[in-house]
Amino acid sequence: MLRSHKRRLVWATAVLGVTLGMLGGGLTRAVWAGQAEQFTPEFKELRKSLDPKHTPKIVAPDSVKRGQWFEVTVSVGAEGEHPSLSEHHVRYIALYINTAEISRVYLHPVYSFPKITLTIALDEGGLLRAVEEPTHSAGWEASKKIAVVP
């Protein structure tokens, strides 16, 4: 009798889950939703205005030799430090040259300070772009023009 009851309970739970998933265009989908679906529409676009604690700060040379390694440091908070608390922290910092992603570093709350240093080399100049995404808001972007000389 107990096995029969257990099977019915499992079956009823599965049917309920499927039914709820079909209602409202996928109610259960939010449980497995991607990062883009976590934010309301106003948080999907990157912010480019200056915010003392959210705008990334890029430290890199103005020009570099083609193919030569150099360091780029990105810290979050152009005029202050972003907190690194379990309830509010920077999820990741990404570095791009123009639209091509060079690297993305995921940060752990509490244990990671929102600052990275990468060693990179470029074949052509353009716009170095740093993007950081904190919890509780949209991502923030900063950029720096960099020239590549032969």
# chains A, B, ... in the order shown; residues from 1 in each chain; ligands from 1
>>> closest_atom_pairs(of="range 63-127 of chain A", to="range 44-59 of chain A", cutoff="8 Å", atoms="only C-alpha atoms", output="CSV")
residue,atom,partner,partner_atom,distance
A:Val72,CA,A:Val59,CA,5.8
A:Thr73,CA,A:Val59,CA,5.1
A:Val74,CA,A:Ile58,CA,4.7
A:Ser75,CA,A:Lys57,CA,5.3
A:Val76,CA,A:Pro56,CA,4.4
A:Gly77,CA,A:Lys53,CA,4.0
A:Ala78,CA,A:Lys57,CA,5.0
A:Glu79,CA,A:Pro52,CA,4.5
A:Gly80,CA,A:Lys53,CA,5.4
A:Glu81,CA,A:Lys53,CA,5.6
A:His82,CA,A:Lys53,CA,5.0
>>> atom_distance(atom1="CA of Asn98 in chain A", atom2="CA of Lys115 in chain A")
20.8 Å
>>> atom_distance(atom1="CA of Ala138 in chain A", atom2="CA of Ile120 in chain A")
26.7 Å
>>> select_by_dssp(residues="range 53-148 of chain A", states="strand (DSSP E or B)", output="PyMOL selection string")
chain A and resi 56-59+63-65+70-76+90-97+100-106+115-120+126-134+140-148
>>> atom_distance(atom1="CA of His88 in chain A", atom2="CA of Ser137 in chain A")
9.7 Å
